[in-house]
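Data block for target-v5.txt (compact mmCIF, C-alpha atoms):
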```
# COMPACT_ATOMS: atom_id res chain seq x y z
CA MET E 1 11.99 -67.46 -4.04
CA GLY E 2 12.40 -64.09 -5.71
CA LYS E 3 15.66 -62.23 -5.52
CA ILE E 4 15.82 -58.49 -6.07
CA ARG E 5 19.14 -56.67 -6.02
CA GLY E 6 20.51 -59.61 -4.04
CA CYS E 7 17.68 -59.47 -1.49
CA GLU E 8 15.61 -62.64 -1.03
CA LEU E 9 11.93 -61.66 -1.25
CA PRO E 10 9.45 -64.57 -1.48
CA GLU E 11 6.64 -63.83 -3.90
CA ASP E 12 3.88 -65.27 -1.71
CA LEU E 13 4.36 -62.85 1.20
CA PHE E 14 2.72 -59.45 1.67
CA TYR E 15 5.15 -56.57 2.10
CA PHE E 16 4.98 -53.28 3.95
CA ALA E 17 7.88 -52.15 1.81
CA GLU E 18 8.22 -48.71 3.34
CA LYS E 19 9.43 -50.36 6.55
CA HIS E 20 10.75 -53.61 5.06
CA VAL E 21 8.33 -55.79 6.98
CA TRP E 22 6.52 -58.89 5.70
CA ALA E 23 3.16 -60.37 6.59
CA ASN E 24 2.04 -63.93 6.03
CA PRO E 25 -1.61 -64.84 6.63
CA LEU E 26 -1.86 -68.19 8.43
CA GLU E 27 -5.00 -70.09 9.41
CA GLY E 28 -7.60 -68.65 11.73
CA GLY E 29 -7.00 -64.99 10.95
CA ILE E 30 -3.46 -65.07 12.32
CA VAL E 31 -0.88 -63.02 10.46
CA ARG E 32 2.78 -63.76 11.04
CA VAL E 33 5.10 -60.76 10.81
CA GLY E 34 8.82 -60.47 10.27
CA MET E 35 11.53 -58.31 8.80
CA THR E 36 12.78 -58.71 5.24
CA THR E 37 16.33 -59.36 4.15
CA VAL E 38 16.38 -55.68 3.21
CA ALA E 39 15.74 -54.67 6.82
CA GLY E 40 18.53 -56.99 7.93
CA LYS E 41 20.89 -55.37 5.48
CA LEU E 42 19.93 -51.85 6.58
CA ALA E 43 20.46 -52.81 10.22
CA GLY E 44 24.03 -53.76 9.42
CA GLY E 45 23.59 -57.52 9.17
CA LYS E 46 23.92 -58.16 12.90
CA LEU E 47 21.37 -57.52 15.62
CA ASN E 48 21.87 -57.06 19.34
CA ALA E 49 18.20 -57.47 20.24
CA VAL E 50 14.71 -58.00 18.87
CA THR E 51 12.14 -57.12 21.49
CA VAL E 52 8.39 -57.34 21.66
CA ARG E 53 6.98 -55.22 24.48
CA ALA E 54 5.32 -57.75 26.81
CA LYS E 55 2.66 -55.24 27.74
CA ASN E 56 1.42 -55.22 24.15
CA ILE E 57 0.56 -58.93 24.07
CA GLY E 58 -3.24 -59.03 23.89
CA ALA E 59 -3.51 -55.40 22.79
CA GLU E 60 -4.65 -54.22 19.38
CA ILE E 61 -1.81 -52.67 17.43
CA PRO E 62 -2.92 -50.29 14.66
CA ALA E 63 -1.22 -50.74 11.29
CA GLY E 64 2.02 -48.79 11.29
CA LYS E 65 2.51 -48.89 15.05
CA SER E 66 5.34 -50.81 16.62
CA VAL E 67 5.03 -54.55 17.30
CA ALA E 68 8.71 -54.90 18.10
CA THR E 69 12.00 -53.06 18.10
CA VAL E 70 15.30 -54.09 16.58
CA GLU E 71 18.66 -52.91 17.84
CA SER E 72 22.07 -53.14 16.28
CA SER E 73 25.18 -51.06 16.63
CA LYS E 74 24.19 -49.29 13.40
CA TYR E 75 20.46 -49.01 13.82
CA VAL E 76 17.61 -48.81 16.28
CA GLY E 77 14.01 -48.73 15.18
CA PRO E 78 10.57 -50.24 15.17
CA VAL E 79 9.12 -53.22 13.37
CA PRO E 80 5.72 -51.71 12.53
CA ALA E 81 2.57 -53.76 12.21
CA PRO E 82 1.83 -54.23 8.49
CA VAL E 83 -1.88 -54.53 9.31
CA THR E 84 -4.01 -53.83 12.36
CA GLY E 85 -4.36 -56.73 14.75
CA VAL E 86 -4.30 -58.05 18.27
CA LEU E 87 -0.76 -59.05 19.18
CA LYS E 88 -0.95 -62.74 20.07
CA ARG E 89 2.60 -63.83 20.62
CA ALA E 90 6.23 -63.07 20.05
CA ASN E 91 8.82 -65.48 18.69
CA GLU E 92 10.53 -66.44 21.92
CA LYS E 93 13.57 -67.83 20.12
CA LEU E 94 14.65 -64.31 19.25
CA ALA E 95 15.32 -63.41 22.88
CA ALA E 96 18.23 -65.84 22.98
CA ASP E 97 19.23 -65.47 19.33
CA PRO E 98 18.12 -62.18 17.73
CA ASN E 99 20.16 -62.94 14.62
CA LEU E 100 17.71 -65.66 13.66
CA ALA E 101 15.77 -62.73 12.19
CA ILE E 102 18.74 -62.14 9.88
CA ARG E 103 19.74 -65.73 9.14
CA ASP E 104 16.26 -67.10 8.52
CA PRO E 105 13.98 -64.04 8.24
CA TYR E 106 11.09 -65.86 6.56
CA GLY E 107 11.30 -69.04 8.62
CA GLU E 108 12.49 -69.52 12.20
CA GLY E 109 13.27 -65.81 12.49
CA TRP E 110 9.70 -64.53 12.33
CA ILE E 111 9.03 -61.83 14.92
CA ALA E 112 5.40 -61.81 16.05
CA GLU E 113 1.90 -63.00 15.27
CA LEU E 114 -1.17 -60.79 15.13
CA GLU E 115 -4.81 -61.71 14.92
CA ALA E 116 -5.67 -59.36 12.07
CA THR E 117 -8.82 -57.35 12.54
CA HIS E 118 -9.19 -55.96 8.99
CA TRP E 119 -7.01 -58.26 6.88
CA GLU E 120 -9.21 -58.27 3.79
CA ALA E 121 -9.36 -54.49 3.67
CA GLU E 122 -5.81 -53.74 4.72
CA LYS E 123 -3.95 -56.34 2.66
CA ALA E 124 -4.59 -54.11 -0.34
CA ASN E 125 -2.11 -51.66 1.18
CA LEU E 126 0.66 -54.26 1.04
CA LEU E 127 2.77 -55.37 -1.92
CA ASN E 128 2.20 -58.94 -3.08
CA GLY E 129 2.86 -61.21 -6.05
CA PRO E 130 4.82 -60.36 -9.20
CA ALA E 131 3.39 -56.84 -9.44
CA GLY E 132 4.18 -56.23 -5.77
CA LEU E 133 7.76 -57.37 -6.18
CA ASP E 134 8.14 -55.12 -9.20
CA ALA E 135 7.06 -52.20 -7.02
CA TYR E 136 9.46 -53.31 -4.28
CA ARG E 137 12.25 -53.49 -6.88
CA ALA E 138 11.47 -49.95 -8.01
CA LYS E 139 11.70 -48.75 -4.42
CA LEU E 140 15.06 -50.46 -3.84
CA GLU E 141 16.40 -49.04 -7.08
CA ALA E 142 15.16 -45.55 -6.28
CA GLU E 143 16.83 -45.69 -2.88
CA ASN E 144 19.89 -47.51 -4.18
CA ILE E 145 19.54 -50.34 -1.67
CA SER E 146 21.19 -53.65 -2.45
CA CYS E 147 21.85 -56.79 -0.40
CA GLU E 148 24.93 -57.73 -2.45
CA MET A 1 -3.50 -46.86 22.89
CA ASP A 2 -2.33 -43.74 24.72
CA ALA A 3 1.43 -43.53 24.65
CA ASP A 4 3.19 -43.55 28.01
CA LYS A 5 5.47 -40.56 28.48
CA ILE A 6 9.18 -40.84 29.11
CA LEU A 7 11.39 -37.94 30.10
CA ILE A 8 15.15 -38.10 29.63
CA MET A 9 17.27 -35.51 31.40
CA MET A 10 20.56 -34.98 29.60
CA THR A 11 23.34 -33.29 31.56
CA SER A 12 26.38 -34.72 29.74
CA GLY A 13 28.06 -32.64 27.05
CA PRO A 14 31.02 -32.34 24.69
CA ASP A 15 33.55 -32.83 27.52
CA THR A 16 32.35 -36.42 28.01
CA PRO A 17 31.72 -37.79 24.50
CA ARG A 18 31.32 -41.38 25.67
CA ARG A 19 28.32 -40.34 27.73
CA CYS A 20 26.64 -38.76 24.71
CA ALA A 21 25.48 -41.71 22.59
CA THR A 22 23.42 -43.90 24.91
CA PRO A 23 20.93 -41.20 25.95
CA PHE A 24 19.98 -40.60 22.30
CA PHE A 25 19.98 -44.32 21.52
CA MET A 26 17.66 -44.99 24.45
CA ALA A 27 15.42 -42.11 23.42
CA THR A 28 15.18 -43.41 19.84
CA LEU A 29 14.49 -46.90 21.10
CA ALA A 30 11.71 -45.70 23.40
CA ALA A 31 10.13 -43.77 20.51
CA ALA A 32 10.35 -46.94 18.39
CA MET A 33 8.41 -48.68 21.16
CA ASP A 34 5.76 -45.98 20.74
CA TYR A 35 6.50 -44.18 23.97
CA ASP A 36 6.03 -40.41 23.88
CA VAL A 37 9.60 -39.27 24.51
CA THR A 38 10.94 -35.87 25.54
CA MET A 39 14.58 -35.03 26.21
CA PHE A 40 15.35 -32.19 28.58
CA PHE A 41 18.84 -30.73 28.10
CA THR A 42 20.48 -28.90 30.96
CA ILE A 43 23.93 -28.22 32.47
CA ASP A 44 26.46 -29.32 29.75
CA GLY A 45 23.86 -31.25 27.77
CA THR A 46 22.59 -27.99 26.35
CA LEU A 47 25.90 -27.47 24.55
CA LEU A 48 25.09 -30.46 22.31
CA LEU A 49 22.20 -28.44 20.92
CA LYS A 50 24.40 -25.52 19.92
CA LYS A 51 24.37 -25.24 16.13
CA GLY A 52 27.24 -27.29 14.67
CA MET A 53 28.44 -28.65 18.00
CA ALA A 54 27.01 -32.19 17.89
CA ALA A 55 28.76 -32.92 14.60
CA THR A 56 32.11 -32.45 16.33
CA VAL A 57 31.46 -34.87 19.19
CA PHE A 58 32.24 -38.56 18.63
CA PRO A 59 31.33 -41.01 21.41
CA LYS A 60 33.57 -43.59 19.74
CA ALA A 61 36.56 -42.73 17.57
CA GLY A 62 35.66 -43.48 13.96
CA GLY A 63 31.99 -44.03 14.84
CA LYS A 64 28.87 -41.95 14.46
CA SER A 65 28.80 -38.35 15.62
CA VAL A 66 26.34 -37.13 18.22
CA ALA A 67 24.67 -35.19 15.39
CA GLU A 68 23.75 -38.51 13.79
CA PHE A 69 22.40 -39.93 17.04
CA LEU A 70 20.48 -36.71 17.57
CA SER A 71 18.90 -36.67 14.11
CA GLU A 72 17.88 -40.32 14.46
CA ALA A 73 16.12 -39.45 17.70
CA VAL A 74 14.32 -36.51 16.12
CA GLU A 75 13.29 -38.62 13.13
CA ALA A 76 11.89 -41.23 15.51
CA GLY A 77 9.73 -38.53 17.09
CA VAL A 78 11.73 -37.56 20.17
CA LYS A 79 10.98 -34.01 21.32
CA LEU A 80 13.80 -31.74 22.44
CA THR A 81 13.56 -29.20 25.23
CA ALA A 82 16.33 -27.07 26.71
CA CYS A 83 16.62 -25.37 30.06
CA THR A 84 16.69 -21.62 29.60
CA ALA A 85 18.98 -21.10 32.59
CA SER A 86 21.56 -23.50 31.16
CA THR A 87 21.80 -21.47 27.97
CA GLU A 88 22.65 -18.48 30.14
CA LEU A 89 25.29 -20.56 31.92
CA HIS A 90 27.02 -21.09 28.59
CA GLY A 91 26.38 -17.61 27.19
CA LEU A 92 24.06 -18.96 24.51
CA ALA A 93 21.00 -17.27 23.09
CA PRO A 94 18.01 -19.42 22.08
CA GLU A 95 18.79 -18.69 18.41
CA ASP A 96 22.23 -20.30 18.87
CA LEU A 97 20.52 -23.67 19.28
CA ILE A 98 19.46 -26.00 16.47
CA ASP A 99 15.94 -25.67 15.12
CA GLY A 100 13.14 -27.55 16.81
CA VAL A 101 14.29 -27.12 20.41
CA LYS A 102 11.68 -25.79 22.79
CA MET A 103 13.05 -23.53 25.52
CA VAL A 104 11.57 -24.26 28.93
CA GLY A 105 12.08 -23.14 32.49
CA GLY A 106 12.95 -25.27 35.49
CA ALA A 107 9.33 -25.53 36.60
CA SER A 108 8.49 -27.14 33.27
CA PHE A 109 10.94 -29.91 34.10
CA TRP A 110 9.00 -30.73 37.26
CA GLN A 111 5.73 -30.58 35.40
CA MET A 112 7.03 -32.88 32.66
CA SER A 113 8.36 -35.21 35.38
CA GLU A 114 4.97 -35.37 37.00
CA GLU A 115 3.32 -36.25 33.68
CA ALA A 116 5.92 -38.85 32.70
CA LYS A 117 5.71 -42.49 33.62
CA THR A 118 9.49 -42.74 33.72
CA VAL A 119 12.24 -40.16 34.19
CA VAL A 120 15.85 -41.03 33.41
CA SER A 121 18.89 -38.84 33.89
CA PHE A 122 22.18 -39.08 32.05
```

What do you get writing this file as structure tokens?
Amino acid sequence: MGKIRGCELPEDLFYFAEKHVWANPLEGGIVRVGMTTVAGKLAGGKLNAVTVRAKNIGAEIPAGKSVATVESSKYVGPVPAPVTGVLKRANEKLAADPNLAIRDPYGEGWIAELEATHWEAEKANLLNGPAGLDAYRAKLEAENISCE
Amino acid sequence: MDADKILIMMTSGPDTPRRCATPFFMATLAAAMDYDVTMFFTIDGTLLLKKGMAATVFPKAGGKSVAEFLSEAVEAGVKLTACTASTELHGLAPEDLIDGVKMVGGASFWQMSEEAKTVVSF
């Protein structure tokens, strides 16, 4: 697992770095989405709620639009879709324990799953692999963000 | 996906700081959920839009100022409107308010209410 400025950032994920969201393509066109350790840090390290709007399940969410919201005492904001897709399901564990998204952001703390409609075309907009992490590092350095 | 409209009527002002965080928080949250959010400031709420005022109001001692809550809402896409009559109540001219506030009359409130899916008053 890669570590940049103290932030765990696995090299195999695809990042929408502007909003600190990750995407992981699973089988059958499903893309799992979650927030990075950077997002957790910016939210103050403790969340009060992670909510997926029930009405959106089954709806197509354009890339950049909200699939979920996170709330903490320091921060409130969206978790935008890294790619366009039909919202299939939310991680129900987060309703009872929103801080799973902080403790295990790339595992049990995933947020939602989309059925991507243009994955092959849109994945090019996301950061991935060693070159992607270098770009993410440059962004964190430019904005002076650190997880340490 | 057409965004549903939400209208938040804000009547609380600098005299009741503890009532001045949640309305902005809820507005920001609704915008983060991709609702189309408008806040309508009237009665004492309008005073929060007076230039410099929001920075002096702290809902919680040692916490964020209302100015911070307000700028987060604006950044999230929340639109600000103020009741013209309420500025007169406080002896304010439109130019005394922060930039980006649209002045509207009372009838606009009813029209915005009619167009909104949800109206909340604080």

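Residue nearest chain A, chosen from E:Asn91, E:Ser66, E:Ser73, E:Thr84 and counting all atoms listed in the file: E:Ser66.
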
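Distances from A:Phe109, A:Phe69, A:Phe25, A:Phe41 to Ala54 in chain A were compared using only C-alpha atoms, and the smallest one belongs to A:Phe69.
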
Using all atoms listed in the file, find each residue of chain E with at least one atom at most 7 Å away from an atom of chain A; report its shortest atom-to-atom pair and that distance in Å (one decimal), sort the rows by chain and rising residue number, and return the result as JSON lines.
```
{"residue": "E:Ser66", "atom": "CA", "partner": "A:Met33", "partner_atom": "CA", "distance": 5.9}
{"residue": "E:Ala68", "atom": "CA", "partner": "A:Met33", "partner_atom": "CA", "distance": 6.9}
{"residue": "E:Thr69", "atom": "CA", "partner": "A:Ala32", "partner_atom": "CA", "distance": 6.3}
{"residue": "E:Val76", "atom": "CA", "partner": "A:Leu29", "partner_atom": "CA", "distance": 6.1}
{"residue": "E:Gly77", "atom": "CA", "partner": "A:Ala32", "partner_atom": "CA", "distance": 5.2}
{"residue": "E:Pro78", "atom": "CA", "partner": "A:Ala32", "partner_atom": "CA", "distance": 4.6}
```

Best match for closeness to Asp104 in chain E among E:Val83, E:Met35, E:Ala17, E:Val67, counting all atoms listed in the file: E:Met35

Nearby residues (all atoms listed in the file) at most 10 Å from Pro130 in chain E, same-chain spacing under 4 positions excluded, as a list in words: Gly2, Pro10, Glu11, Asp12, Asp134, Ala135 and Tyr136 of chain E

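Of the listed residues A:Ile98, A:Ala55, A:Ile43, A:Val78, the one whose atoms come nearest to Phe24 in chain A is A:Val78, with distances taken using only C-alpha atoms.
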
Would you mind listing what lies within 10 Å of Ala63 in chain E as a count of residues only, with only C-alpha atoms counted and same-chain residues fewer than 6 positions away left out? 10

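For the atom pair formed by CA of Lys51 in chain A and CA of Ser121 in chain A, the distance is 23.0 Å, given to one decimal.
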
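Interatomic distance, CA of Ala101 in chain E against CA of Leu13 in chain E: 15.8 Å.
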
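Proximity to Gly29 in chain E was assessed for E:Lys3, E:Glu115, E:Ile145, E:Leu42 counting only C-alpha atoms; the smallest distance is recorded for E:Glu115.
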
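Computed from the coordinates, the CA of Val70 in chain E to CA of Thr46 in chain A distance equals 28.8 Å.
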
Protein and nucleic acid residues near (2.7, -65.8, 24.1) (cut-off 12 Å, all atoms listed in the file) as a list in words: Val52, Arg53, Ala54, Lys55, Asn56, Ile57, Gly58, Val86, Leu87, Lys88, Arg89, Ala90, Asn91, Glu92, Lys93, Ile111, Ala112, Glu113 and Leu114 of chain E

Given the point (20.3, -19.7, 32.7) in the file's coordinates, find the residues that have an atom at most 12 Å from it, counting all atoms listed in the file, and give them as a PDB file with C-alpha atoms, in the coordinates of the input.
```pdb
ATOM      1  CA  THR A  42      20.480 -28.900  30.960  1.00  0.00           C
ATOM      2  CA  ILE A  43      23.930 -28.220  32.470  1.00  0.00           C
ATOM      3  CA  ASP A  44      26.460 -29.320  29.750  1.00  0.00           C
ATOM      4  CA  THR A  46      22.590 -27.990  26.350  1.00  0.00           C
ATOM      5  CA  ALA A  82      16.330 -27.070  26.710  1.00  0.00           C
ATOM      6  CA  CYS A  83      16.620 -25.370  30.060  1.00  0.00           C
ATOM      7  CA  THR A  84      16.690 -21.620  29.600  1.00  0.00           C
ATOM      8  CA  ALA A  85      18.980 -21.100  32.590  1.00  0.00           C
ATOM      9  CA  SER A  86      21.560 -23.500  31.160  1.00  0.00           C
ATOM     10  CA  THR A  87      21.800 -21.470  27.970  1.00  0.00           C
ATOM     11  CA  GLU A  88      22.650 -18.480  30.140  1.00  0.00           C
ATOM     12  CA  LEU A  89      25.290 -20.560  31.920  1.00  0.00           C
ATOM     13  CA  HIS A  90      27.020 -21.090  28.590  1.00  0.00           C
ATOM     14  CA  GLY A  91      26.380 -17.610  27.190  1.00  0.00           C
ATOM     15  CA  LEU A  92      24.060 -18.960  24.510  1.00  0.00           C
ATOM     16  CA  ALA A  93      21.000 -17.270  23.090  1.00  0.00           C
ATOM     17  CA  PRO A  94      18.010 -19.420  22.080  1.00  0.00           C
ATOM     18  CA  MET A 103      13.050 -23.530  25.520  1.00  0.00           C
ATOM     19  CA  VAL A 104      11.570 -24.260  28.930  1.00  0.00           C
ATOM     20  CA  GLY A 105      12.080 -23.140  32.490  1.00  0.00           C
ATOM     21  CA  GLY A 106      12.950 -25.270  35.490  1.00  0.00           C
TER      22      GLY A 106
END
```

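Near Val37 in chain A, within 8 Å and counting only C-alpha atoms, sit A:Lys5, A:Ile6, A:Leu7, A:Ile8, A:Ala27, A:Ala30, A:Ala31, A:Gly77, A:Val78, A:Lys79, not including residues fewer than 5 positions from it in the same chain.
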
Contacts of range 19-23 of chain A at 9 Å or less, counting all atoms listed in the file, minus same-chain residues fewer than 3 places along, as a list of chain:residue names? A:Ile8, A:Met9, A:Met10, A:Ser12, A:Gly13, A:Pro14, A:Thr16, A:Met26, A:Ala27, A:Thr28, A:Met39, A:Gly45, A:Leu48, A:Val57, A:Phe58, A:Pro59, A:Lys60, A:Lys64, A:Ser65, A:Val66, A:Phe69, A:Leu70, A:Ser121, A:Phe122

Would you save the residues of that selection, restricted to C-alpha atoms, as a PDB file, in the coordinates of the input?
```pdb
ATOM      1  CA  ILE A   8      15.150 -38.100  29.630  1.00  0.00           C
ATOM      2  CA  MET A   9      17.270 -35.510  31.400  1.00  0.00           C
ATOM      3  CA  MET A  10      20.560 -34.980  29.600  1.00  0.00           C
ATOM      4  CA  SER A  12      26.380 -34.720  29.740  1.00  0.00           C
ATOM      5  CA  GLY A  13      28.060 -32.640  27.050  1.00  0.00           C
ATOM      6  CA  PRO A  14      31.020 -32.340  24.690  1.00  0.00           C
ATOM      7  CA  THR A  16      32.350 -36.420  28.010  1.00  0.00           C
ATOM      8  CA  MET A  26      17.660 -44.990  24.450  1.00  0.00           C
ATOM      9  CA  ALA A  27      15.420 -42.110  23.420  1.00  0.00           C
ATOM     10  CA  THR A  28      15.180 -43.410  19.840  1.00  0.00           C
ATOM     11  CA  MET A  39      14.580 -35.030  26.210  1.00  0.00           C
ATOM     12  CA  GLY A  45      23.860 -31.250  27.770  1.00  0.00           C
ATOM     13  CA  LEU A  48      25.090 -30.460  22.310  1.00  0.00           C
ATOM     14  CA  VAL A  57      31.460 -34.870  19.190  1.00  0.00           C
ATOM     15  CA  PHE A  58      32.240 -38.560  18.630  1.00  0.00           C
ATOM     16  CA  PRO A  59      31.330 -41.010  21.410  1.00  0.00           C
ATOM     17  CA  LYS A  60      33.570 -43.590  19.740  1.00  0.00           C
ATOM     18  CA  LYS A  64      28.870 -41.950  14.460  1.00  0.00           C
ATOM     19  CA  SER A  65      28.800 -38.350  15.620  1.00  0.00           C
ATOM     20  CA  VAL A  66      26.340 -37.130  18.220  1.00  0.00           C
ATOM     21  CA  PHE A  69      22.400 -39.930  17.040  1.00  0.00           C
ATOM     22  CA  LEU A  70      20.480 -36.710  17.570  1.00  0.00           C
ATOM     23  CA  SER A 121      18.890 -38.840  33.890  1.00  0.00           C
ATOM     24  CA  PHE A 122      22.180 -39.080  32.050  1.00  0.00           C
TER      25      PHE A 122
END
```
